[in-house]
Every structure is written in C-alpha cells, then in structure tokens.
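**Student:** Structure file query_10.cif (mmCIF, C-alpha atoms and all ligand atoms) is given on the next line.
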```cif
data_my_file
loop_
_atom_site.label_atom_id
_atom_site.label_comp_id
_atom_site.auth_asym_id
_atom_site.auth_seq_id
_atom_site.Cartn_x
_atom_site.Cartn_y
_atom_site.Cartn_z
CA MET A 1 77.44 82.45 119.87
CA THR A 2 74.19 84.29 120.40
CA ALA A 3 75.25 87.80 121.45
CA ASP A 4 75.14 90.76 119.06
CA ILE A 5 78.56 92.35 118.54
CA ILE A 6 78.63 96.05 119.46
CA ASP A 7 80.69 97.69 116.73
CA GLY A 8 82.63 100.37 118.61
CA LYS A 9 84.89 100.97 115.65
CA ALA A 10 81.95 101.93 113.42
CA PHE A 11 80.27 104.01 116.15
CA ALA A 12 83.57 105.84 116.76
CA ALA A 13 83.92 106.60 113.05
CA GLY A 14 80.42 108.13 113.10
CA LEU A 15 81.27 110.22 116.17
CA ARG A 16 84.47 111.49 114.54
CA ALA A 17 82.47 112.41 111.44
CA ARG A 18 80.05 114.44 113.62
CA VAL A 19 83.02 116.21 115.24
CA ALA A 20 84.47 116.99 111.80
CA GLU A 21 81.10 118.41 110.64
CA LEU A 22 81.03 120.85 113.55
CA VAL A 23 84.58 122.19 113.08
CA PRO A 24 83.85 124.63 110.18
CA ALA A 25 81.16 126.51 112.16
CA PHE A 26 83.55 126.83 115.09
CA GLN A 27 86.29 128.06 112.78
CA ALA A 28 83.96 130.66 111.25
CA ALA A 29 83.00 131.94 114.71
CA ALA A 30 86.39 131.77 116.43
CA GLY A 31 88.78 132.43 113.55
CA ARG A 32 90.79 129.31 114.32
CA VAL A 33 90.35 125.54 114.52
CA PRO A 34 90.25 123.59 117.82
CA GLY A 35 93.68 122.47 119.01
CA LEU A 36 94.72 119.39 121.00
CA ALA A 37 98.17 119.07 122.59
CA VAL A 38 99.41 115.55 123.33
CA VAL A 39 102.49 115.08 125.51
CA LEU A 40 104.42 111.81 125.49
CA VAL A 41 107.32 111.24 127.87
CA GLY A 42 109.59 108.32 127.07
CA GLU A 43 109.62 105.64 124.37
CA ASP A 44 106.99 103.09 125.43
CA PRO A 45 106.06 101.58 122.03
CA ALA A 46 102.35 101.07 122.86
CA SER A 47 102.04 104.70 124.05
CA ALA A 48 103.81 105.92 120.90
CA VAL A 49 101.23 104.05 118.77
CA TYR A 50 98.29 105.63 120.65
CA VAL A 51 99.81 109.10 120.41
CA ARG A 52 100.38 108.76 116.66
CA SER A 53 96.84 107.58 116.14
CA LYS A 54 95.43 110.45 118.27
CA GLY A 55 97.40 112.98 116.17
CA LYS A 56 96.24 111.46 112.89
CA GLN A 57 92.57 111.36 113.91
CA THR A 58 92.75 114.92 115.29
CA ARG A 59 93.95 116.21 111.91
CA GLU A 60 91.40 114.08 110.03
CA CYS A 61 88.67 115.90 111.99
CA GLY A 62 90.06 119.25 110.82
CA MET A 63 91.53 120.14 114.20
CA GLU A 64 95.12 121.06 114.98
CA SER A 65 97.40 118.54 116.72
CA PHE A 66 100.39 119.69 118.77
CA GLU A 67 102.63 116.73 119.59
CA HIS A 68 105.34 117.03 122.24
CA LYS A 69 107.70 114.06 122.57
CA LEU A 70 110.06 114.33 125.52
CA PRO A 71 112.89 111.95 126.48
CA ALA A 72 112.32 109.43 129.30
CA GLU A 73 114.73 111.31 131.58
CA THR A 74 112.71 114.57 131.38
CA THR A 75 112.40 116.11 134.87
CA GLN A 76 109.08 116.75 136.56
CA GLU A 77 109.93 120.46 136.57
CA ALA A 78 110.48 120.48 132.79
CA LEU A 79 107.21 118.62 132.18
CA ILE A 80 105.31 121.02 134.44
CA ALA A 81 106.91 123.96 132.62
CA LEU A 82 105.57 122.53 129.33
CA VAL A 83 102.08 122.12 130.87
CA ASP A 84 102.23 125.78 131.99
CA GLN A 85 103.18 126.82 128.46
CA LEU A 86 100.25 124.83 126.98
CA ASN A 87 97.86 126.24 129.62
CA ALA A 88 98.85 129.75 128.47
CA ASP A 89 98.65 129.02 124.72
CA PRO A 90 95.34 130.25 123.23
CA ALA A 91 95.70 127.85 120.25
CA VAL A 92 95.56 124.88 122.64
CA ASP A 93 92.03 123.90 123.78
CA GLY A 94 92.85 120.45 125.12
CA ILE A 95 95.91 119.01 126.86
CA LEU A 96 96.55 115.29 127.21
CA VAL A 97 99.60 113.99 129.06
CA GLN A 98 99.90 110.35 128.08
CA LEU A 99 99.95 107.96 131.05
CA PRO A 100 101.78 106.14 132.49
CA LEU A 101 104.61 108.60 133.15
CA PRO A 102 108.15 107.47 134.04
CA LYS A 103 108.55 106.43 137.70
CA HIS A 104 110.53 109.51 138.77
CA ILE A 105 107.60 111.83 137.88
CA ASP A 106 104.66 112.38 140.26
CA GLU A 107 101.66 111.82 137.99
CA GLN A 108 99.21 113.61 140.30
CA ALA A 109 101.41 116.72 140.45
CA VAL A 110 101.42 116.92 136.65
CA LEU A 111 97.67 116.28 136.23
CA LEU A 112 96.89 118.88 138.91
CA ARG A 113 98.80 121.48 136.92
CA ILE A 114 96.61 121.14 133.79
CA ASN A 115 94.00 123.90 133.56
CA PRO A 116 90.73 122.01 134.30
CA ASP A 117 89.09 123.81 131.35
CA LYS A 118 91.70 122.24 129.02
CA ASP A 119 91.61 118.86 130.75
CA VAL A 120 89.99 116.88 127.90
CA ASP A 121 91.01 113.60 129.61
CA GLY A 122 88.82 114.56 132.58
CA PHE A 123 91.52 113.38 135.01
CA HIS A 124 91.87 116.60 137.05
CA PRO A 125 90.22 116.34 140.52
CA VAL A 126 88.17 119.44 139.67
CA ASN A 127 86.57 117.55 136.76
CA ALA A 128 86.12 114.42 138.90
CA GLY A 129 84.33 116.66 141.43
CA ARG A 130 82.22 118.29 138.74
CA LEU A 131 81.11 114.86 137.48
CA ALA A 132 80.36 113.69 141.03
CA THR A 133 78.24 116.77 141.77
CA GLY A 134 76.47 117.14 138.42
CA LEU A 135 78.30 120.23 137.13
CA HIS A 136 79.52 120.77 133.56
CA GLY A 137 83.07 119.57 133.14
CA PHE A 138 85.06 117.03 131.19
CA VAL A 139 84.19 113.35 131.55
CA PRO A 140 87.00 110.79 131.08
CA CYS A 141 86.93 109.51 127.50
CA THR A 142 86.78 105.75 128.08
CA PRO A 143 83.70 105.74 130.37
CA LEU A 144 82.04 108.38 128.18
CA GLY A 145 82.52 106.11 125.17
CA CYS A 146 81.10 103.15 127.11
CA LEU A 147 78.01 105.17 128.07
CA MET A 148 77.44 106.17 124.44
CA LEU A 149 77.58 102.51 123.34
CA LEU A 150 75.22 101.47 126.15
CA GLU A 151 72.65 104.17 125.35
CA ASP A 152 72.87 103.38 121.65
CA ARG A 153 72.13 99.72 122.38
CA LEU A 154 69.64 100.03 125.26
CA GLY A 155 68.11 103.51 124.98
CA ASP A 156 67.06 104.81 128.40
CA LEU A 157 69.08 103.11 131.18
CA THR A 158 66.63 104.07 133.96
CA GLY A 159 66.26 101.36 136.57
CA LEU A 160 68.62 98.90 134.90
CA ASP A 161 71.04 97.00 137.15
CA ALA A 162 74.62 97.87 136.25
CA VAL A 163 77.78 96.33 137.66
CA VAL A 164 81.11 98.07 137.13
CA ILE A 165 84.11 95.82 137.71
CA GLY A 166 87.05 98.00 138.76
CA ARG A 167 87.37 101.19 140.80
CA SER A 168 90.09 103.21 139.06
CA ASN A 169 89.91 107.00 138.82
CA ILE A 170 90.18 106.70 135.04
CA VAL A 171 87.44 104.15 134.31
CA GLY A 172 85.60 102.48 137.21
CA LYS A 173 84.71 105.48 139.36
CA PRO A 174 83.67 107.86 136.54
CA MET A 175 81.78 104.99 134.83
CA ALA A 176 79.76 104.43 138.02
CA ALA A 177 79.08 108.18 138.28
CA LEU A 178 77.85 108.35 134.66
CA LEU A 179 75.59 105.31 135.07
CA THR A 180 74.19 106.77 138.29
CA ARG A 181 73.50 110.04 136.47
CA ALA A 182 71.68 107.98 133.81
CA SER A 183 69.45 106.52 136.57
CA ALA A 184 70.81 102.98 136.47
CA THR A 185 71.20 101.11 139.77
CA VAL A 186 74.95 100.82 140.11
CA THR A 187 77.19 98.39 141.98
CA ILE A 188 80.97 98.69 141.93
CA VAL A 189 82.86 95.45 142.47
CA HIS A 190 86.64 95.05 142.52
CA SER A 191 89.56 92.75 143.32
CA ARG A 192 88.60 92.53 147.00
CA THR A 193 84.89 91.82 146.42
CA ARG A 194 83.69 88.56 147.97
CA ASN A 195 81.59 86.39 145.66
CA LEU A 196 81.78 88.54 142.55
CA PRO A 197 79.56 86.17 140.46
CA HIS A 198 76.73 86.85 142.93
CA TYR A 199 76.59 90.51 141.82
CA LEU A 200 76.90 89.74 138.12
CA LYS A 201 73.98 87.30 138.16
CA HIS A 202 71.48 90.19 138.30
CA ALA A 203 73.31 92.69 136.09
CA ASP A 204 71.60 93.96 132.95
CA ILE A 205 74.81 95.90 132.22
CA VAL A 206 78.37 94.77 132.94
CA VAL A 207 81.35 97.08 132.42
CA ALA A 208 84.61 95.17 132.88
CA ALA A 209 87.67 97.27 133.69
CA VAL A 210 89.84 95.04 135.86
CA GLY A 211 92.97 94.71 133.74
CA ARG A 212 93.04 90.90 133.82
CA ALA A 213 92.75 88.90 130.61
CA HIS A 214 89.61 86.71 130.25
CA PHE A 215 88.59 87.50 133.87
CA VAL A 216 84.78 87.62 133.43
CA LYS A 217 83.23 84.23 132.60
CA GLY A 218 80.05 83.69 130.64
CA GLU A 219 78.53 81.51 133.37
CA TRP A 220 78.57 84.50 135.76
CA LEU A 221 76.35 86.60 133.48
CA LYS A 222 72.61 87.13 133.41
CA PRO A 223 71.29 85.82 130.07
CA GLY A 224 70.81 88.73 127.67
CA ALA A 225 73.13 91.10 129.57
CA THR A 226 74.92 93.90 127.73
CA VAL A 227 78.66 93.49 128.28
CA ILE A 228 81.20 96.29 127.75
CA ASP A 229 84.81 95.12 127.80
CA VAL A 230 87.29 97.92 128.62
CA GLY A 231 90.30 95.58 128.94
CA ILE A 232 93.32 95.84 126.67
CA ASN A 233 95.63 93.00 127.63
CA ARG A 234 98.56 92.12 125.40
CA THR A 235 99.01 88.34 125.43
CA ASP A 236 100.88 85.85 123.23
CA ALA A 237 97.54 85.32 121.48
CA GLY A 238 97.31 89.07 120.72
CA LEU A 239 95.14 91.82 122.21
CA VAL A 240 92.40 90.43 124.50
CA GLY A 241 89.85 91.98 126.84
CA ASP A 242 88.92 91.43 130.50
CA VAL A 243 85.97 89.29 129.40
CA ASP A 244 86.26 85.65 128.34
CA PHE A 245 84.71 86.50 124.98
CA ASP A 246 83.67 83.04 123.75
CA SER A 247 81.83 81.96 126.92
CA ALA A 248 80.34 85.46 127.44
CA ALA A 249 79.08 85.69 123.86
CA SER A 250 76.99 82.55 124.35
CA VAL A 251 75.10 84.10 127.31
CA ALA A 252 75.12 87.89 126.76
CA GLY A 253 72.64 89.76 124.58
CA ALA A 254 75.35 92.05 123.27
CA ILE A 255 79.09 92.42 123.79
CA THR A 256 81.93 94.68 122.68
CA PRO A 257 84.90 92.98 120.99
CA VAL A 258 88.57 93.68 121.72
CA PRO A 259 89.95 95.20 119.54
CA GLY A 260 87.24 97.20 117.78
CA GLY A 261 85.04 97.95 120.79
CA VAL A 262 85.81 100.51 123.50
CA GLY A 263 89.35 101.45 122.31
CA PRO A 264 88.30 103.43 119.22
CA MET A 265 85.55 105.14 121.28
CA THR A 266 88.18 106.47 123.71
CA ILE A 267 89.94 108.44 120.98
CA ALA A 268 86.68 109.60 119.36
CA CYS A 269 85.51 110.92 122.76
CA LEU A 270 88.83 112.72 123.19
CA LEU A 271 88.16 114.57 119.93
CA ARG A 272 84.59 115.25 121.06
CA ASN A 273 85.86 116.68 124.35
CA THR A 274 88.40 118.83 122.48
CA LEU A 275 85.64 120.28 120.28
CA VAL A 276 83.55 121.05 123.39
CA ALA A 277 86.60 122.59 125.13
CA ALA A 278 87.25 124.83 122.13
CA HIS A 279 83.67 126.16 122.17
CA ARG A 280 83.81 126.84 125.92
CA ASN A 281 87.28 128.39 125.81
CA ALA A 282 86.43 130.64 122.85
CA GLY A 283 82.94 131.52 124.16
CA VAL A 284 81.27 130.04 121.06
CA ALA A 285 77.88 128.39 121.67
CA LEU A 286 77.45 124.70 120.88
CA GLU A 287 73.88 123.50 120.54
CA LYS A 288 72.98 121.27 123.48
CA GLY A 289 73.01 117.56 122.70
CA VAL A 290 74.48 118.06 119.23
CA ILE A 291 77.53 115.96 120.10
N1 LIG B 301 96.30 110.57 129.37
C1 LIG B 301 95.89 109.43 128.81
N2 LIG B 301 94.67 109.37 128.22
C2 LIG B 301 94.25 108.21 127.63
O1 LIG B 301 93.12 108.15 127.08
C3 LIG B 301 95.12 107.07 127.65
C4 LIG B 301 96.37 107.20 128.27
N3 LIG B 301 96.72 108.37 128.86
N4 LIG B 301 97.21 106.16 128.33
C5 LIG B 301 96.91 104.90 127.67
C6 LIG B 301 95.43 104.66 127.59
C7 LIG B 301 95.00 103.61 126.58
N5 LIG B 301 94.20 104.30 125.59
C8 LIG B 301 93.70 103.71 124.45
C9 LIG B 301 93.19 104.42 123.38
C10 LIG B 301 92.77 103.79 122.23
C11 LIG B 301 92.85 102.43 122.10
C12 LIG B 301 92.44 101.78 120.83
O2 LIG B 301 92.05 102.42 119.88
N6 LIG B 301 92.54 100.44 120.73
C13 LIG B 301 92.24 99.68 119.54
C14 LIG B 301 93.36 98.73 119.19
C15 LIG B 301 94.73 99.31 119.24
C16 LIG B 301 95.82 98.24 119.13
O3 LIG B 301 95.71 97.38 118.26
O4 LIG B 301 96.75 98.34 119.94
C17 LIG B 301 91.00 98.83 119.76
O5 LIG B 301 90.71 98.49 120.90
O6 LIG B 301 90.37 98.49 118.77
C18 LIG B 301 93.32 101.69 123.15
C19 LIG B 301 93.73 102.33 124.32
C20 LIG B 301 94.13 105.61 125.93
N7 LIG B 301 94.78 105.87 127.06
#
```
Would you put the structure from the file into structure tokens?
Ligand SMILES: Nc1nc(=O)c2c([nH]1)NC[C@@H]1CN(c3ccc(C(=O)N[C@@H](CCC(=O)O)C(=O)O)cc3)C=[N+]21
**Tutor:**
Amino acid sequence: MTADIIDGKAFAAGLRARVAELVPAFQAAAGRVPGLAVVLVGEDPASAVYVRSKGKQTRECGMESFEHKLPAETTQEALIALVDQLNADPAVDGILVQLPLPKHIDEQAVLLRINPDKDVDGFHPVNAGRLATGLHGFVPCTPLGCLMLLEDRLGDLTGLDAVVIGRSNIVGKPMAALLTRASATVTIVHSRTRNLPHYLKHADIVVAAVGRAHFVKGEWLKPGATVIDVGINRTDAGLVGDVDFDSAASVAGAITPVPGGVGPMTIACLLRNTLVAAHRNAGVALEKGVI
C-alpha cells in the first residue's frame, strides 16, 4: 500500500470541536442554544443507530437535540403536521427527516414542506437551486464533508480533473456543483456511462458514490489520485465502501477508509449547518470562513 489514509474521523472530531467553541457566543447573543430536530419514522436498525449518534453528537457540541420517533405506520399527513410544527418552533434551527421513509410516504412531499432556512440536510429544491446558482443556502452534508477533506489534502482545487461517480440528488449532483464552484474540471459518470475507466484514467480526484461494494478498481485510477469513498455497503465481511480499497490504495496518493472516512464528516457537517442555521435564523452574525 502506498496511499496516505485520509482520517475523516479525526477531521470530523476537529470540526465538531470548532462547532462547540462557537456555541457559547451564539448563546450569549441569542439567549438560547442552537437546536436540531431529527425525525425518524419506523424501526430500521441502521437508521436508529445514525439518529442516536446524531443526537449524542449534537448534545456534545452544546446544542439542543429534539428527537421524534414515529411508528412505521405514521401517515404522510401526520408527518407533514410534525414538520409544520417544527417549522413554527423558534427553538428549532434545523430539521432532518431521516431517509429512507416508509414506502407509503411521498418523500418529496415531506422534504418540500421543510422550511428551506431550516433545511440543514440541504435536500429542499430551493437549496439545490441556491447551490446551483451560487446563492447562500444549505449544502448537503456528505458532499460538503467530502469537499472539506479534499481541500484539506490538496489545498486549491483549481484546474484539477475531478470525476464524480453517481448522480443522486443527495451526493453526486451537489458534489459536482461544489467541485465546479471550487474551479475543478468536473465529469459526472454513472451506471449508464460507457467505458467508465476511460474517464477515471485522467482524474486527479475521484468521488465514488455509486452504492456498489468494491466497484472502483485500483487499475482504473491515475497514479497519485485522491480518492473519496462515499459508499456504505453492509456485507458479510462488514461495512465496505464503493472502492476496492486494497487495489486502490496501491495506486492512489490518498484515500478515505470505510468506516472512518466520509461517514463521520456527514454528521459533523450536519452540526456545522445547524450552527450556521441558528445564526441566520436568529440574526446573529457569524464571521465569514470561521466554520
Ligand atoms: N435525512 C437524512 N440525512 C442524512 O444525512 C442521512 C439520511 N437521511 N439517511 C441515511 C444516511 C446515511 N448517513 C450516515 C451518517 C453517518 C455515517 C457514519 O458515521 N458512518 C461511520 C460508521 C457507522 C457504522 O459503523 O455503521 C463511518 O463511516 O465511519 C454513515 C452514514 C446519513 N444519512
């Protein structure tokens, strides 16, 4: 193995510490701490683990966590009524409705109901539009975390060739928008791309978000590439990414592990977005670039 391991877990801990440092000044100015509401519908065990860990890390940063656990048979109307209640609650700065939702609920209808200024996931079309047009808004946490790791490793990304594998609204598309904003040259490839290795051969940066275990092979990579693995695939061998780690690590210059790479950054960026939301919602200034 020749690649450096990008320690997302350590970077995320540092980001959470910076969030925690900024909470007291907000509290002094606003007379309250930032609040994050997390809504979980149903009993999916993996989702329950994430929600617990979000609540714990929110409190550890000195912010308030409001956890709403609803039964799997909750109606869309009842869920939307809860979103309305959270939209109207001045103690709630950020709202996260854990995905996926049960089949009988229209996910888009629920996400559309969240006040875009409390949409710390950045999933509302208004925030997708703000990102696409260069306005202030909320950027989805996973791609934001990936960008932070890339800039920490590479500094200025101007002119670098970046390939994003995957075109989801949650990762691929916002990742491409962020890299474009950072002046990288961006290619999006996906399941229907012909000759995917052809595109990877020139990529200085690869972000893999395909949802298929061990999909990206080391032999496809440009030597020295920086590889960000967004995959979380549960296999018999445990949690693995979308990148074939062993072969990739012998070609790449740097690579994120799974676990301990992008996953912890997602939650840290959620707390970061909640802190930013609180400042905006309360009209308290936050120094530019401080977080
Ligand atoms: N509205 C919404 N927003 C989300 O941000 C959201 C969601 N729904 N639904 C599910 C996905 C998944 N997700 C992860 C967060 C942290 C880790 C994480 O910390 N992973 C650890 C390992 C955790 C483990 O061992 O299972 C790691 O990679 O090191 C993973 C995945 C957020 N999601």
**Student:** Would you kindly return, as a count of residues only, each protein, DNA or RNA residue with an atom no farther than 7 Å from any atom of A:Trp220, considering only C-alpha atoms and excluding same-chain residues fewer than 6 positions away?
**Tutor:** 3
**Student:** List the spatial neighbours of A:Phe66 as a list of chain:residue names - criterion: any atom at most 10 Å away, only C-alpha atoms, same-chain residues fewer than 4 positions off excluded.
**Tutor:** A:Gly35, A:Leu36, A:Ala37, A:Val38, A:Val39, A:Gly55, A:Thr58, A:Leu86, A:Ala91, A:Val92, A:Gly94, A:Ile95
**Student:** Hey, can you check how far atom CA of A:Val227 sits from atom O1 of ligand LIG 301 (chain B)?
**Tutor:**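 About the pair atom CA of A:Val227 and atom O1 of ligand LIG 301 (chain B): they are 20.6 Å apart.
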**Student:** How many Å lie between atom CA of A:Ala29 and atom CA of A:Val139, rounded to one decimal?
**Tutor:**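 Spanning atom CA of A:Ala29 to atom CA of A:Val139 is a straight-line distance of 25.1 Å.
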**Student:** Using only C-alpha atoms, which protein or nucleic acid residues come within 8 Å of stretch 18-28 of chain A? Drop anything in the same chain fewer than 4 positions from it, and give the result as an MDAnalysis selection string.
**Tutor:** chainID A and resid 14 32:34 60:63 271:272 275 279 284 291
**Student:** Could you check which of A:His104, A:Lys9, A:Lys222, A:Arg194 is closest to ligand LIG 301 (chain B), using all atoms listed in the file?
**Tutor:** A:Lys9
**Student:** What is the atom C13 of ligand LIG 301 (chain B)-atom CA of A:Val207 distance in Å, reported with one decimal?
**Tutor:**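 One can read the atom C13 of ligand LIG 301 (chain B) to atom CA of A:Val207 distance as 17.1 Å.
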**Student:** Give me, as a count of residues only, all polymer residues having an atom no more than 12 Å from A:Leu96, counting all atoms listed in the file and skipping those fewer than 4 positions away in the same chain.
**Tutor:** 41
**Student:** Show me the residues around (82.7, 77.9, 136.1) - criterion: an atom at most 12 Å away, only C-alpha atoms counted - as a list in words.
**Tutor:** Pro197, Phe215, Val216, Lys217, Gly218, Glu219, Trp220, Leu221, Asp244, Ser247 and Ala248 of chain A
**Student:** For ligand LIG 301 (chain B), what centre and edge lengths in Å (one decimal) does the axis-aligned box get once 3 Å is added on each side of all its listed atoms, as JSON?
**Tutor:**
```
{"center_x": 93.8, "center_y": 104.0, "center_z": 123.8, "size_x": 12.8, "size_y": 19.2, "size_z": 17.1}
```
**Student:** For ligand LIG 301 (chain B), collect every residue having any atom at a distance of at most 6 Å from a ligand atom (counting only C-alpha atoms and all ligand atoms); output as a list in words.
**Tutor:**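 Taking only C-alpha atoms and all ligand atoms into account, the residues around ligand LIG 301 (chain B) at most 6 Å away are Tyr50, Leu96, Val97, Gln98, Leu99, Asp121, Val258, Pro259, Gly260, Gly261, Val262, Gly263, Pro264, Thr266 and Ile267 of chain A.
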**Student:** Which residue gives the smallest distance to A:Leu149 among A:Val230, A:Val243, A:Ala78, A:Val251, with all atoms listed in the file counted?
**Tutor:**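 Selected residue with least distance to A:Leu149: A:Val230.
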**Student:** Nearest to A:Thr187: which of A:Gly241, A:Gly166, A:Pro125, A:Pro102 is it, counting all atoms listed in the file?
**Tutor:** A:Gly166
**Student:** Which residue is closest to A:Ala46? Choose from A:Met148, A:Val163, A:Leu239, A:Ile5 and count only C-alpha atoms.
**Tutor:** A:Leu239
**Student:** Check the smallest atom-to-atom distance from each of A:Lys288, A:Glu107, A:Ala254, A:Arg280 to A:Ala3 using all atoms listed in the file, then report the winner.
**Tutor:**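 Smallest distance to A:Ala3 is found for A:Ala254.
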**Student:** Under the rule that only C-alpha atoms are counted, which of A:Ala209, A:Ile105, A:Ile228, A:Leu79 is the nearest residue to A:Pro174?
**Tutor:**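 Among the listed residues, the smallest separation from A:Pro174 belongs to A:Ala209.
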